[in-house]
file target_13.pdb (PDB, C-alpha atoms)
ATOM      1  CA  MET A   1      77.060  91.431  93.900
ATOM      2  CA  ASN A   2      77.905  93.299  97.115
ATOM      3  CA  GLU A   3      81.349  94.445  98.211
ATOM      4  CA  GLU A   4      81.997  91.397 100.364
ATOM      5  CA  GLN A   5      81.123  88.975  97.602
ATOM      6  CA  ILE A   6      83.310  90.880  95.160
ATOM      7  CA  LEU A   7      86.175  90.845  97.619
ATOM      8  CA  LYS A   8      85.800  87.145  98.376
ATOM      9  CA  LYS A   9      85.614  86.252  94.699
ATOM     10  CA  LEU A  10      88.624  88.399  93.843
ATOM     11  CA  ALA A  11      90.637  87.148  96.809
ATOM     12  CA  SER A  12      89.872  83.552  95.960
ATOM     13  CA  ALA A  13      91.068  84.037  92.387
ATOM     14  CA  ALA A  14      94.081  86.114  93.456
ATOM     15  CA  ARG A  15      95.330  83.486  95.889
ATOM     16  CA  GLY A  16      96.775  81.499  93.014
ATOM     17  CA  ASP A  17      99.111  84.342  92.091
ATOM     18  CA  GLY A  18     102.607  83.837  93.470
ATOM     19  CA  PRO A  19     105.440  86.331  93.786
ATOM     20  CA  PRO A  20     108.495  86.341  91.533
ATOM     21  CA  ARG A  21     111.354  84.296  92.935
ATOM     22  CA  ILE A  22     113.841  86.433  94.819
ATOM     23  CA  ASP A  23     116.856  85.806  97.014
ATOM     24  CA  VAL A  24     117.777  88.491  99.519
ATOM     25  CA  ALA A  25     119.990  86.381 101.804
ATOM     26  CA  GLU A  26     123.326  87.718 100.586
ATOM     27  CA  ARG A  27     122.189  91.320 100.624
ATOM     28  CA  VAL A  28     120.762  91.024 104.125
ATOM     29  CA  LEU A  29     123.956  89.446 105.427
ATOM     30  CA  ALA A  30     126.116  92.045 103.683
ATOM     31  CA  ASP A  31     124.087  94.911 105.159
ATOM     32  CA  LEU A  32     124.215  93.422 108.630
ATOM     33  CA  ALA A  33     127.964  92.904 108.391
ATOM     34  CA  VAL A  34     128.478  96.486 107.238
ATOM     35  CA  ALA A  35     126.256  97.771 110.048
ATOM     36  CA  GLY A  36     128.427  96.109 112.652
ATOM     37  CA  GLU A  37     131.774  97.433 111.548
ATOM     38  CA  PRO A  38     131.756 100.848 109.958
ATOM     39  CA  ARG A  39     131.102 102.725 113.152
ATOM     40  CA  ASN A  40     134.516 101.715 114.528
ATOM     41  CA  LEU A  41     136.191 102.156 111.172
ATOM     42  CA  LEU A  42     134.668 105.603 110.672
ATOM     43  CA  LEU A  43     135.696 106.598 114.151
ATOM     44  CA  TRP A  44     139.284 105.591 113.467
ATOM     45  CA  VAL A  45     139.376 107.430 110.138
ATOM     46  CA  PHE A  46     137.903 110.532 111.721
ATOM     47  CA  THR A  47     140.348 110.401 114.635
ATOM     48  CA  ALA A  48     143.353 109.944 112.348
ATOM     49  CA  THR A  49     142.273 112.817 110.083
ATOM     50  CA  SER A  50     141.696 115.107 113.048
ATOM     51  CA  ALA A  51     145.075 114.231 114.549
ATOM     52  CA  ALA A  52     146.855 114.895 111.241
ATOM     53  CA  ALA A  53     145.093 118.239 110.813
ATOM     54  CA  ALA A  54     145.891 119.221 114.398
ATOM     55  CA  SER A  55     149.600 118.399 113.863
ATOM     56  CA  VAL A  56     149.783 120.626 110.783
ATOM     57  CA  VAL A  57     148.118 123.495 112.647
ATOM     58  CA  ALA A  58     150.484 123.052 115.608
ATOM     59  CA  VAL A  59     153.617 123.134 113.399
ATOM     60  CA  LEU A  60     152.398 126.239 111.576
ATOM     61  CA  ALA A  61     151.502 127.932 114.854
ATOM     62  CA  LEU A  62     154.972 127.245 116.281
ATOM     63  CA  ARG A  63     156.667 128.675 113.205
ATOM     64  CA  VAL A  64     154.511 131.780 113.312
ATOM     65  CA  TRP A  65     155.167 132.165 117.043
ATOM     66  CA  ALA A  66     158.939 131.931 116.497
ATOM     67  CA  ALA A  67     158.860 134.485 113.680
ATOM     68  CA  ARG A  68     156.572 136.952 115.429
ATOM     69  CA  GLN A  69     157.649 140.585 115.714
ATOM     70  CA  ASP A  70     156.230 143.930 116.686
ATOM     71  CA  PRO A  71     153.578 144.952 114.152
ATOM     72  CA  PHE A  72     154.858 148.545 114.297
ATOM     73  CA  SER A  73     158.489 147.619 113.719
ATOM     74  CA  ASP A  74     158.401 148.430 109.980
ATOM     75  CA  PHE A  75     156.672 151.744 110.655
ATOM     76  CA  LEU A  76     159.111 152.666 113.432
ATOM     77  CA  GLU A  77     162.075 151.789 111.258
ATOM     78  CA  SER A  78     160.814 154.175 108.543
ATOM     79  CA  MET A  79     160.218 156.909 111.093
ATOM     80  CA  MET A  80     163.685 156.470 112.525
ATOM     81  CA  ALA A  81     165.192 156.820 109.065
ATOM     82  CA  VAL A  82     163.211 160.019 108.485
ATOM     83  CA  MET A  83     164.154 161.439 111.867
ATOM     84  CA  GLN A  84     167.819 160.757 111.315
TER      85      GLN A  84
ATOM     86  CA  MET B   1     113.021 103.559  97.687
ATOM     87  CA  ALA B   2     114.391 104.601 101.036
ATOM     88  CA  SER B   3     114.827 101.543 103.177
ATOM     89  CA  TYR B   4     113.561 101.719 106.732
ATOM     90  CA  ALA B   5     115.711  98.798 107.713
ATOM     91  CA  THR B   6     118.799 100.494 106.366
ATOM     92  CA  ALA B   7     117.950 103.512 108.491
ATOM     93  CA  ALA B   8     117.436 101.202 111.436
ATOM     94  CA  LEU B   9     120.806  99.662 110.764
ATOM     95  CA  ARG B  10     122.415 103.058 110.847
ATOM     96  CA  GLY B  11     120.756 103.729 114.147
ATOM     97  CA  ALA B  12     121.573 100.360 115.605
ATOM     98  CA  ARG B  13     124.110 100.266 118.340
ATOM     99  CA  GLY B  14     127.617  99.616 117.049
ATOM    100  CA  GLY B  15     128.802  96.104 117.515
ATOM    101  CA  GLY B  16     126.460  94.271 115.093
ATOM    102  CA  TRP B  17     126.737  90.604 115.919
ATOM    103  CA  ASP B  18     128.459  91.460 119.192
ATOM    104  CA  GLY B  19     125.488  93.522 120.273
ATOM    105  CA  LEU B  20     123.343  90.410 120.439
ATOM    106  CA  MET B  21     125.751  88.385 122.528
ATOM    107  CA  ASP B  22     124.528  89.851 125.793
ATOM    108  CA  SER B  23     121.104  88.321 125.453
ATOM    109  CA  VAL B  24     122.184  84.787 124.594
ATOM    110  CA  ALA B  25     122.265  83.427 128.112
ATOM    111  CA  GLY B  26     118.852  84.703 129.182
ATOM    112  CA  TRP B  27     117.262  83.801 125.880
ATOM    113  CA  ALA B  28     118.536  80.221 125.893
ATOM    114  CA  HIS B  29     116.739  79.587 129.156
ATOM    115  CA  SER B  30     113.436  81.026 128.067
ATOM    116  CA  MET B  31     113.211  79.639 124.544
ATOM    117  CA  ALA B  32     111.172  76.523 123.955
ATOM    118  CA  MET B  33     113.651  74.003 122.673
ATOM    119  CA  ASP B  34     111.141  72.219 120.455
ATOM    120  CA  GLN B  35     111.382  75.032 117.907
ATOM    121  CA  PRO B  36     113.000  73.608 114.777
ATOM    122  CA  GLU B  37     114.825  76.903 114.279
ATOM    123  CA  ALA B  38     116.176  76.999 117.822
ATOM    124  CA  PRO B  39     119.760  75.960 116.973
ATOM    125  CA  ASP B  40     120.039  78.524 114.184
ATOM    126  CA  ILE B  41     118.503  81.267 116.308
ATOM    127  CA  GLN B  42     120.852  80.511 119.176
ATOM    128  CA  ALA B  43     123.813  80.390 116.812
ATOM    129  CA  THR B  44     122.768  83.717 115.274
ATOM    130  CA  LEU B  45     122.569  85.310 118.681
ATOM    131  CA  ALA B  46     126.004  83.930 119.426
ATOM    132  CA  GLY B  47     127.370  85.687 116.347
ATOM    133  CA  ASP B  48     127.146  83.023 113.628
ATOM    134  CA  SER B  49     126.128  84.822 110.435
ATOM    135  CA  ASP B  50     125.840  81.538 108.511
ATOM    136  CA  ALA B  51     123.061  80.502 110.880
ATOM    137  CA  TYR B  52     121.121  83.661 110.096
ATOM    138  CA  GLU B  53     121.651  83.085 106.399
ATOM    139  CA  ARG B  54     120.050  79.667 106.819
ATOM    140  CA  LEU B  55     117.065  81.286 108.556
ATOM    141  CA  VAL B  56     116.699  83.856 105.787
ATOM    142  CA  ARG B  57     116.840  81.180 103.097
ATOM    143  CA  ARG B  58     114.332  79.021 104.949
ATOM    144  CA  TYR B  59     111.748  81.769 105.317
ATOM    145  CA  GLN B  60     112.282  84.159 102.429
ATOM    146  CA  ASN B  61     109.759  82.440 100.150
ATOM    147  CA  GLU B  62     107.056  82.612 102.789
ATOM    148  CA  ILE B  63     107.826  86.245 103.548
ATOM    149  CA  SER B  64     108.019  87.010  99.855
ATOM    150  CA  GLN B  65     104.548  85.542  99.427
ATOM    151  CA  ARG B  66     103.335  87.717 102.297
ATOM    152  CA  MET B  67     104.924  90.914 100.974
ATOM    153  CA  TRP B  68     103.500  90.295  97.502
ATOM    154  CA  ARG B  69     100.221  91.467  99.023
ATOM    155  CA  PHE B  70     101.800  94.829  99.750
ATOM    156  CA  THR B  71     103.301  95.566  96.371
ATOM    157  CA  ARG B  72     103.130  94.318  92.803
ATOM    158  CA  ASP B  73     106.579  95.607  91.949
ATOM    159  CA  ARG B  74     109.515  93.200  92.018
ATOM    160  CA  GLY B  75     112.036  95.811  93.138
ATOM    161  CA  GLU B  76     109.826  96.948  95.989
ATOM    162  CA  LEU B  77     109.155  93.342  96.911
ATOM    163  CA  GLU B  78     112.883  92.657  97.259
ATOM    164  CA  GLU B  79     113.279  95.787  99.336
ATOM    165  CA  LEU B  80     110.419  94.816 101.630
ATOM    166  CA  VAL B  81     111.612  91.247 102.141
ATOM    167  CA  HIS B  82     115.103  92.557 102.827
ATOM    168  CA  ASP B  83     113.708  95.011 105.368
ATOM    169  CA  VAL B  84     111.773  92.270 107.128
ATOM    170  CA  PHE B  85     114.890  90.162 107.654
ATOM    171  CA  VAL B  86     117.029  93.089 108.735
ATOM    172  CA  GLU B  87     114.370  94.149 111.216
ATOM    173  CA  ALA B  88     114.001  90.550 112.400
ATOM    174  CA  TYR B  89     117.730  90.349 112.997
ATOM    175  CA  LEU B  90     117.732  93.586 114.964
ATOM    176  CA  SER B  91     114.807  92.329 117.080
ATOM    177  CA  LEU B  92     115.947  88.732 117.418
ATOM    178  CA  LYS B  93     117.036  89.136 120.995
ATOM    179  CA  GLY B  94     113.404  89.956 121.796
ATOM    180  CA  PHE B  95     112.142  86.645 120.399
ATOM    181  CA  ARG B  96     111.248  84.486 123.384
ATOM    182  CA  GLY B  97     110.214  81.362 121.536
ATOM    183  CA  THR B  98     106.777  81.211 123.123
ATOM    184  CA  GLY B  99     105.187  80.853 119.659
ATOM    185  CA  PRO B 100     106.378  79.641 116.278
ATOM    186  CA  PHE B 101     109.207  81.630 114.730
ATOM    187  CA  SER B 102     107.217  82.070 111.513
ATOM    188  CA  HIS B 103     104.396  83.811 113.420
ATOM    189  CA  TRP B 104     106.868  86.220 114.922
ATOM    190  CA  LEU B 105     108.413  86.833 111.503
ATOM    191  CA  ASN B 106     104.993  87.385 109.940
ATOM    192  CA  ARG B 107     104.178  90.021 112.545
ATOM    193  CA  ILE B 108     107.321  91.877 111.548
ATOM    194  CA  ALA B 109     106.388  91.475 107.879
ATOM    195  CA  THR B 110     102.948  92.944 108.541
ATOM    196  CA  ARG B 111     104.513  95.893 110.348
ATOM    197  CA  VAL B 112     106.998  96.514 107.526
ATOM    198  CA  GLY B 113     104.245  96.256 104.918
ATOM    199  CA  TYR B 114     101.935  98.582 106.794
ATOM    200  CA  ARG B 115     104.710 101.148 107.110
ATOM    201  CA  PHE B 116     105.348 100.819 103.383
ATOM    202  CA  TRP B 117     101.694 101.509 102.607
ATOM    203  CA  LYS B 118     101.716 104.526 104.876
ATOM    204  CA  SER B 119     104.739 105.890 103.060
ATOM    205  CA  GLN B 120     102.935 105.334  99.758
ATOM    206  CA  GLN B 121      99.766 106.999 100.989
ATOM    207  CA  ARG B 122     100.672 110.386  99.572
ATOM    208  CA  ARG B 123     100.870 108.998  96.081
ATOM    209  CA  ALA B 124      97.842 109.534  93.870
ATOM    210  CA  ARG B 125      95.510 106.590  94.193
ATOM    211  CA  GLN B 126      94.963 104.523  91.127
ATOM    212  CA  GLU B 127      91.399 104.325  89.992
ATOM    213  CA  VAL B 128      90.226 100.931  88.850
ATOM    214  CA  PRO B 129      88.860 101.220  85.315
ATOM    215  CA  LEU B 130      85.141 100.530  85.256
ATOM    216  CA  GLN B 131      85.372  98.142  82.360
ATOM    217  CA  ASP B 132      87.527  95.907  84.568
ATOM    218  CA  TRP B 133      84.712  95.708  87.083
ATOM    219  CA  ASP B 134      82.163  94.980  84.431
ATOM    220  CA  GLY B 135      84.328  92.181  83.114
ATOM    221  CA  PHE B 136      84.954  90.821  86.559
ATOM    222  CA  ALA B 137      81.334  90.923  87.694
ATOM    223  CA  ALA B 138      80.285  89.135  84.509
ATOM    224  CA  SER B 139      82.910  86.420  84.846
ATOM    225  CA  GLU B 140      82.225  83.044  86.396
ATOM    226  CA  ASP B 141      84.272  81.783  89.334
ATOM    227  CA  GLY B 142      87.630  80.604  88.118
ATOM    228  CA  ASP B 143      87.336  82.430  84.807
ATOM    229  CA  ILE B 144      89.597  85.259  85.798
ATOM    230  CA  PRO B 145      93.343  84.533  85.777
ATOM    231  CA  ALA B 146      95.031  84.663  89.187
ATOM    232  CA  ARG B 147      97.456  87.400  88.201
ATOM    233  CA  GLU B 148      94.698  89.580  86.801
ATOM    234  CA  ALA B 149      92.581  89.068  89.921
ATOM    235  CA  ALA B 150      95.556  89.902  92.115
ATOM    236  CA  GLU B 151      96.208  93.099  90.161
ATOM    237  CA  LEU B 152      92.566  94.045  90.408
ATOM    238  CA  VAL B 153      92.234  93.443  94.140
ATOM    239  CA  HIS B 154      95.493  95.276  94.711
ATOM    240  CA  SER B 155      94.273  98.334  92.798
ATOM    241  CA  LEU B 156      90.905  98.197  94.515
ATOM    242  CA  LEU B 157      92.317  98.036  98.039
ATOM    243  CA  ALA B 158      94.935 100.669  97.176
ATOM    244  CA  GLN B 159      92.089 103.172  97.118
ATOM    245  CA  LEU B 160      91.523 102.672 100.833
ATOM    246  CA  PRO B 161      93.579 104.071 103.717
ATOM    247  CA  PRO B 162      96.354 101.719 104.968
ATOM    248  CA  ARG B 163      94.476 100.529 108.062
ATOM    249  CA  ASP B 164      91.405  99.532 106.045
ATOM    250  CA  ARG B 165      93.556  97.985 103.394
ATOM    251  CA  MET B 166      95.465  96.025 106.011
ATOM    252  CA  VAL B 167      92.449  94.532 107.715
ATOM    253  CA  LEU B 168      90.784  93.521 104.436
ATOM    254  CA  THR B 169      94.011  91.998 103.160
ATOM    255  CA  LEU B 170      94.429  89.914 106.292
ATOM    256  CA  VAL B 171      90.814  88.812 106.555
ATOM    257  CA  TYR B 172      89.996  88.204 102.893
ATOM    258  CA  LEU B 173      93.259  87.586 101.059
ATOM    259  CA  GLU B 174      95.090  85.757 103.814
ATOM    260  CA  GLU B 175      91.898  84.288 105.230
ATOM    261  CA  LEU B 176      92.891  84.962 108.828
ATOM    262  CA  SER B 177      90.369  84.768 111.629
ATOM    263  CA  VAL B 178      89.700  87.868 113.715
ATOM    264  CA  ALA B 179      91.938  86.471 116.461
ATOM    265  CA  GLN B 180      94.753  85.749 114.018
ATOM    266  CA  ALA B 181      94.453  89.181 112.396
ATOM    267  CA  ALA B 182      94.566  90.760 115.845
ATOM    268  CA  GLU B 183      97.681  88.798 116.700
ATOM    269  CA  ARG B 184      99.330  89.750 113.419
ATOM    270  CA  THR B 185      98.590  93.452 113.702
ATOM    271  CA  GLY B 186      98.859  93.867 117.453
ATOM    272  CA  TRP B 187      95.325  95.297 117.521
ATOM    273  CA  SER B 188      92.564  94.031 119.797
ATOM    274  CA  GLN B 189      89.952  91.694 118.324
ATOM    275  CA  THR B 190      87.300  94.382 118.762
ATOM    276  CA  MET B 191      89.522  96.780 116.868
ATOM    277  CA  VAL B 192      89.890  94.297 114.015
ATOM    278  CA  LYS B 193      86.115  93.823 113.798
ATOM    279  CA  VAL B 194      85.422  97.563 113.882
ATOM    280  CA  GLN B 195      88.149  98.277 111.356
ATOM    281  CA  ALA B 196      86.903  95.537 109.026
ATOM    282  CA  HIS B 197      83.355  96.891 109.244
ATOM    283  CA  ARG B 198      84.506 100.415 108.425
ATOM    284  CA  ALA B 199      86.718  99.188 105.612
ATOM    285  CA  ARG B 200      83.856  97.251 103.991
ATOM    286  CA  LYS B 201      81.677 100.338 104.271
ATOM    287  CA  LYS B 202      84.298 102.433 102.505
ATOM    288  CA  LEU B 203      84.691  99.773  99.862
ATOM    289  CA  ARG B 204      80.944  99.737  99.302
ATOM    290  CA  ALA B 205      80.986 103.523  98.883
ATOM    291  CA  LEU B 206      83.772 103.201  96.347
ATOM    292  CA  LEU B 207      81.879 100.632  94.320
ATOM    293  CA  GLU B 208      78.666 102.654  94.465
ATOM    294  CA  LYS B 209      80.563 105.699  93.267
ATOM    295  CA  ALA B 210      81.935 103.656  90.421
ATOM    296  CA  GLU B 211      78.408 102.548  89.515
ATOM    297  CA  GLU B 212      77.162 106.137  89.511
ATOM    298  CA  LEU B 213      79.939 107.201  87.181
ATOM    299  CA  LYS B 214      78.938 104.594  84.595
TER     300      LYS B 214
END
call {"tool": "encode", "arguments": {"input": "target_13.pdb", "output": "structure tokens"}}
result
Amino acid sequence: MNEEQILKKLASAARGDGPPRIDVAERVLADLAVAGEPRNLLLWVFTATSAAAASVVAVLALRVWAARQDPFSDFLESMMAVMQ
Amino acid sequence: MASYATAALRGARGGGWDGLMDSVAGWAHSMAMDQPEAPDIQATLAGDSDAYERLVRRYQNEISQRMWRFTRDRGELEELVHDVFVEAYLSLKGFRGTGPFSHWLNRIATRVGYRFWKSQQRRARQEVPLQDWDGFAASEDGDIPAREAAELVHSLLAQLPPRDRMVLTLVYLEELSVAQAAERTGWSQTMVKVQAHRARKKLRALLEKAEELK
């Protein structure tokens, strides 16, 4: 029996074998629905998080700016005390 | 198993159903209206997900049958059928209705299956036990159960590279003509003939090797 005969015989017998019954409709639809929306949703979440983080940084920066002083002030104060 | 279609979904332009709306007008003019699926395809392109669900339910058995040639594992089968319908949805705006919808869907299925085989190529190939061949060669036509024959032919073809495996599957298992196999794969008819010839040669070498090892 040559390779073609073997293949034909096998294929003929195998044709009667059917796949298990499956249903992918819901999963396909769910995946397609998710694919359409999350990009906008993710963008909004990312924007909101960034804005919140930026606000915190801005408030902290303002407070630090208001409380800023000469870095040598402590040193100069000590020197003044010694000199007096 | 990593899903190609899921990756494609991630890469798809945002907008999902909305993304297909643009093509509705042009498509409606070009599509042959005698297609039984035409209303559902048009509705899908217009954003009706129920219409696409109807299409999936109508064709999933046929596609499942097709993909059963590519894997013998139920989980992989589900994944492959899922991938076919996701890919079909993403390409639906390209369907012009010049041929039957099922032909178009089967081309996508063949592409998905071929890609699956290529991804599996690195795996160690299963050797078909020699005693199976002895038993098969000795059996009369119809003696061998369908499932057993399917397992055997699957293991045998799995020892060939994906292109050879593809052409033999289409020509022998699906009984497609050269022209039909060319249409399904997107190859030329000459390519199909050459590929089939090479594949048979490799198969012969495999069987001869098996004989020598006896």
call {"tool": "closest_residue", "arguments": {"input": "target_13.pdb", "among": "B:Thr169, B:Glu151, B:Ala179, B:Lys201", "to": "Asp73 (chain B)", "atoms": "only C-alpha atoms"}}
result
B:Glu151
call {"tool": "interface_residues", "arguments": {"input": "target_13.pdb", "of": "chain A", "to": "chain B", "cutoff": "10 Å", "atoms": "all atoms listed in the file", "output": "PyMOL selection string"}}
result
chain A and resi 1-4+6-40
call {"tool": "resolve_selection", "arguments": {"input": "target_13.pdb", "expression": "the PyMOL selection byres ((chain B and resi 184-193) around 8)", "output": "PyMOL selection string"}}
result
chain B and resi 103+106-107+110-111+167+178-183+194-197
call {"tool": "axis_aligned_box", "arguments": {"input": "target_13.pdb", "around": "region 48-52 of chain A", "padding_each_side": "5 Å", "output": "lines of an AutoDock Vina configuration file"}}
result
center_x = 144.3
center_y = 112.5
center_z = 112.3
size_x = 15.2
size_y = 15.2
size_z = 14.5
call {"tool": "atom_distance", "arguments": {"input": "target_13.pdb", "atom1": "CA of Ile63 (chain B)", "atom2": "CA of Asp40 (chain B)"}}
result
17.9 Å
call {"tool": "resolve_selection", "arguments": {"input": "target_13.pdb", "expression": "the PyMOL selection byres ((chain B and resi 41) around 8)", "output": "PyMOL selection string"}}
result
chain B and resi 37-40+42-45+51-52+55+92
call {"tool": "atom_distance", "arguments": {"input": "target_13.pdb", "atom1": "CA of Ser91 (chain B)", "atom2": "CA of Met166 (chain B)"}}
result
22.6 Å
call {"tool": "closest_residue", "arguments": {"input": "target_13.pdb", "among": "B:Pro162, B:Gly47, B:Pro36, B:Gly113", "to": "Pro100 (chain B)", "atoms": "all atoms listed in the file"}}
result
B:Pro36
call {"tool": "atom_distance", "arguments": {"input": "target_13.pdb", "atom1": "CA of Tyr59 (chain B)", "atom2": "CA of Ala88 (chain B)"}}
result
11.5 Å
